[in-house]
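Working notes, beginning with the structure itself.
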4 protein chains.
Amino acid sequence: MHDLAHIGHAELLTPRPDESLRFFEEVLGMEVEAREGQSVFLRGWGDYQRYGLKLTESDRAGLGHMALRAWSPQALDRRVAAVEASGLGSGWIDGDLGHGPAYRFTDPDGHVMELYFETEKYDPPEHLRPSLKNQPQRYVGRGAAVKRLDHVNVLAQDVLPNRTFAEEVLGYRLYERIVLDDGSEAGAWLSLSIAAHELIYVADARRERGRLHHLAFWVDTREEVLRAADLFLDHGVHIEAAPSKHAIAQGFFLYGFEPGGNRIEVTTGGYLVYDPDPEPTVWTEVERARGQAWGMKTVESFHTYGTPAPEPAPGS
Amino acid sequence: MHDLAHIGHAELLTPRPDESLRFFEEVLGMEVEAREGQSVFLRGWGDYQRYGLKLTESDRAGLGHMALRAWSPQALDRRVAAVEASGLGSGWIDGDLGHGPAYRFTDPDGHVMELYFETEKYDPPEHLRPSLKNQPQRYVGRGAAVKRLDHVNVLAQDVLPNRTFAEEVLGYRLYERIVLDDGSEAGAWLSLSIAAHELIYVADARRERGRLHHLAFWVDTREEVLRAADLFLDHGVHIEAAPSKHAIAQGFFLYGFEPGGNRIEVTTGGYLVYDPDPEPTVWTEVERARGQAWGMKTVESFHTYGTPAPEPAPGS
Amino acid sequence: MHDLAHIGHAELLTPRPDESLRFFEEVLGMEVEAREGQSVFLRGWGDYQRYGLKLTESDRAGLGHMALRAWSPQALDRRVAAVEASGLGSGWIDGDLGHGPAYRFTDPDGHVMELYFETEKYDPPEHLRPSLKNQPQRYVGRGAAVKRLDHVNVLAQDVLPNRTFAEEVLGYRLYERIVLDDGSEAGAWLSLSIAAHELIYVADARRERGRLHHLAFWVDTREEVLRAADLFLDHGVHIEAAPSKHAIAQGFFLYGFEPGGNRIEVTTGGYLVYDPDPEPTVWTEVERARGQAWGMKTVESFHTYGTPAPEPAPGS
Amino acid sequence: MHDLAHIGHAELLTPRPDESLRFFEEVLGMEVEAREGQSVFLRGWGDYQRYGLKLTESDRAGLGHMALRAWSPQALDRRVAAVEASGLGSGWIDGDLGHGPAYRFTDPDGHVMELYFETEKYDPPEHLRPSLKNQPQRYVGRGAAVKRLDHVNVLAQDVLPNRTFAEEVLGYRLYERIVLDDGSEAGAWLSLSIAAHELIYVADARRERGRLHHLAFWVDTREEVLRAADLFLDHGVHIEAAPSKHAIAQGFFLYGFEPGGNRIEVTTGGYLVYDPDPEPTVWTEVERARGQAWGMKTVESFHTYGTPAPEPAPGS
């Protein structure tokens, strides 16, 4: 099943919209593509659509929704039918800035999702026109200069039904998962493509529903992740986890918090799954306790904090 | 159409098998997985199958064949039927070391190809067992330590019919192409996945058929490409093109020649095509004359040399 | 003899001051520290003094002067005495913005130089205050974000007397040189420290005097040089030489032209000379013809163009 | 005072000589230059002398001695006179493999040191002859492929008298130090050159004397440090601290243990101190508690373990 292509954009909620916007523009280096109502639409230099991030003022932090682009109108119809059959559908909306009609639904845990196909390809203004024509936008190089939204990591009260929903209804492929000693699934790494992870479900330590663990933005090199850490440091962005390499999915990471309280990752690396029938890697509780790839211990807040959060963001 | 997954392996012919083997083992850092008849089967540390390169003694250099792995037995059947319908099919073979039955055929230019599905997943011996279980083999770090075969670039008398065959019969997606002032197609960059190129057709300056331009092997970082250049230098491997960035596909490259005379690339970078309906980038003759991304002029031999070759390899 | 510490700053002349300033601020990412008369004083984030570059409006491009900081007042006196004895001294000036009294002179080729000791250490304003206290300024990350002036490469009608002057009068150490088949010296790489080059003399192909080949600015990693090439490309800065590795001194380079016509290098790498009595490396004419470290041929303009120049800058 | 040039080599003691040798050869990628008695002499590819590490079988781990090379015979005499005046001198020895007469002494804490000037420059055998003549040895690229010994970090019962001895008697420059709330000095970063640290004294948590904290070996890029971490992982070398950036001296690090129990660092980065009269950076107790540059907390063993050690090495 290859009906869905990728996460086209994610909407992030923030109670501190001005400061959050400054973070995404100046620290992550994204461009403001449009503003509408309480939202600002931002893009990385590698986004082929108009935007990859919708930043919306709200009374609380968290994920507004994420929108998945289908491979074709027919593929869209097939997935909508499947979602409707699951009983989790909400119905069509007219679309949003930059894309056409979208079908709204939630995953079993309550995260709001959309399916769409029609979209506006990015047409850069003169000052953002690239030198290389196979690139949607000029490389501006401001701040961390993230290229695009890479993956979304959400918390779930129960990972298993959400992972199964993603696989069976949406067509995600499962590449890695964590299974605890009691047999419960503590995390699942899913993808629509050969990229090692695009959607991740992790067990919510607070047993709440619909929360966000983090949004991850891509840069092309590990050196850019290290450079982003210097930028976080000098911009006063609290670093939750200094750059290192994940054992799971082998992504190279940097974690911090945007002013609205949401956890943000700058990421690169990982591996590509060319195998069409891979056996998912299963990590045990003992293996996870060893920390990240090079033995770096994972900071406690990484296991407990998500948005919306009852507690303040770490470092704030 | 998502029937084929990727190029599972390529067979390279060499008139100097011992020296070629030494190159792939010591300079590129691949592992010998098996030997059979006049062939040695080699793997990168990231190959999930037993090997990605079959090196075969021959009286001349060039491409033996390349083998494409299907997504499923059903997908294999569909593609075999399509190839048969094209009139270019040769029929089934029993398979080869490490994989099951394969269907042989040629592209319009005469390059030998195979389709297969059944394969042996790599099971490392003790001394190559990795620490991270989501990795097929330990990172040995010898020589350039290439991870896997990345793409195959073949020359063709006429690019267009081959590119069309790849698209229509095999299901490749076209991401970029060169169109000369006279309207002819001088190159086509094709992929089965979101990776920017996996199969490339370039016009053969000698108007011959069935020749190879180069095999490209992947490393994860640009620093490893730069390091590979130091290794080429100190191993006496002739560098045809020092590390730089391609305009087309934006891959970061290093080109040299293995002792058998075949051009070898060490590559990384490029971009991922998440767009399910991208408009292929078209490069004009004038644009191509500008050289690579940063203006580096392409050396003449890059436009003329392929294997088998009437002339000696550059630098030899 | 360890009387001089390093090149404290260089003054660059430009007939297009506004565009040159924009280049240094936006593309190289330097900070404007002060303005005075027809000059703007700029700094990299790693400069411990107030500035490393004085950019001065002039009717022609080229080097205004370079200023060498002494190890101590006594060392300054010793070097001034030596310069006076050489007959090339011009006398004391009161100093300039940011530093105390300076002794003016020229090298035998006519490049204006100064010696000084008293200097103002940089005291950053609030918005540039660093997080790490062992760093003079916050890492802003704008453009190529160069750290500091690294070395000065000047052309000379005759290399030998200038190289000898630098060694005997100023106390430079000679690490590498080019000797042509006719026995003449075509280039000399000199340093006051363990860094592989800080002052370079290269034979002027036009046999003129007092010209500049380039100013080089440091970044800490090769990835930043590659990134700078992307920035040059998208800012319309003509790239004379795409990033690669020099054979001599092994520096990693990127060459382009600032709008005033002066050649600018972004550099990193090289090696450190811990040996207190090294034998200078001598390169022959044949060896030089092989191009840079990885065989990249040096573009012709690199051997002929300097500022001030009778011809327009390459690419302009 | 510029009488001493650098640490020419260090001698490391190991109770497991065969396994230690395998570590330095295969994991760090050094070459065996000679063997004599219970010692093996090893070199990085950038060492201009025959070796930078003397590995000696012993009943306990730790530092055998470190040898400082003088700038000249006269400089050697001056420093020997100063050491003799300090009362810590032991007298001349005939020299050792690869270098001439050396004067033995200890620092106040009891670490054995030597001063020498005469040395054998490295003359590579055919298979190690480099392509670039300004490089002492070919880049072999085996394992982490360290370039040379970079710095020595020793523990001291009292930092202050040792730091003062290094400054006043040996001519080291002090760049950074840690001063605790009680006014005591907990660490001092010293250098003979513009490199940010070459000799480090850190307070011994056990209040013992003459112990070693670690030897650090240089690689040219951060990517090589990250790569070394993968090699440590797959070679079963215990990683004490995953790659990250120090706040002090800003070096990029990876710490592990060689089989003999000695802590080994793979390092790069840091900064160069061009300022001839820098004010040493002083770090307070509170600042140190914040962890490394990007907030990574320092593992406890890093503050307590040194060799020789009563306890087993971490991870063993």
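Residues are referred to by chain and number: the chain letter is A, B, ... according to the order shown in the structure tokens, the number counts from 1 in that chain, and ligands are numbered separately from 1 in the order shown.
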Proximity check chain B to chain A, 8 Å, nearest pairs one decimal Å, only C-alpha atoms, as a Markdown table:
| residue | atom | partner | partner_atom | distance |
| --- | --- | --- | --- | --- |
| B:His2 | CA | A:His2 | CA | 7.3 |
| B:Ala5 | CA | A:Pro276 | CA | 6.2 |
| B:His6 | CA | A:Tyr274 | CA | 6.5 |
| B:Tyr48 | CA | A:Asp275 | CA | 7.2 |
| B:Ala70 | CA | A:Pro276 | CA | 7.8 |
| B:Trp71 | CA | A:Pro276 | CA | 5.3 |
| B:Ser72 | CA | A:Pro276 | CA | 7.7 |
| B:Leu132 | CA | A:Ala247 | CA | 6.7 |
| B:Lys133 | CA | A:Thr281 | CA | 7.0 |
| B:Asn134 | CA | A:Thr281 | CA | 5.9 |
| B:Ser193 | CA | A:Ile194 | CA | 7.2 |
| B:Ile194 | CA | A:Ser193 | CA | 7.2 |
| B:Asp220 | CA | A:Gly269 | CA | 7.5 |
| B:Thr221 | CA | A:Thr221 | CA | 7.0 |
| B:Ala247 | CA | A:Leu132 | CA | 6.7 |
| B:Ile248 | CA | A:Asn134 | CA | 7.4 |
| B:Ala249 | CA | A:Asn134 | CA | 7.3 |
| B:Gly269 | CA | A:Asp220 | CA | 7.5 |
| B:Tyr274 | CA | A:His6 | CA | 6.5 |
| B:Asp275 | CA | A:Tyr48 | CA | 7.2 |
| B:Pro276 | CA | A:Trp71 | CA | 5.3 |
| B:Asp277 | CA | A:Trp71 | CA | 7.5 |
| B:Thr281 | CA | A:Asn134 | CA | 5.9 |
| B:Ala293 | CA | A:Leu132 | CA | 7.4 |
Can you list every residue in stretch 159-271 of chain A that DSSP puts in helix (DSSP H, G or I), as an MDAnalysis selection string? chainID A and resid 159:170 222:234
Can you pull out the residues contacting stretch 228-237 of chain D? Cut-off 7 Å, using only C-alpha atoms, and skip same-chain residues under 5 positions away; I want them as a ChimeraX atom specification. /A:294 /B:130-131,138-139 /D:27,143-144,254,256-257
As a VMD selection string, please: the residues near stretch 94-99 of chain A (cut-off 10 Å, only C-alpha atoms, same-chain neighbours under 6 positions excluded). chain A and resid 8 34 to 36 41 49 to 51 54 69 114 to 122
With only C-alpha atoms as the counted atoms, please give the residues lying no more than 10 Å from C:Leu155, apart from itself and same-chain residues fewer than 2 positions off, as a ChimeraX atom specification. /C:109,111,153,157-159,186-187,200-214,304-307
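If only C-alpha atoms are the atoms counted, then among D:Arg288, D:Gly251, D:Leu160, D:Glu240 the closest residue to D:Glu300 is D:Glu240.
One distance worth recording is that between atom CA of A:Thr298 and atom CA of A:Arg263, which is 14.7 Å.
Pairwise distance (atom CA of D:Ser58, atom CA of D:Ser316) equals 18.8 Å.
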From the options D:Leu170, D:Ile264, D:Leu226, D:Val299, which residue's atoms come nearest to D:Ala241, counting only C-alpha atoms? D:Val299
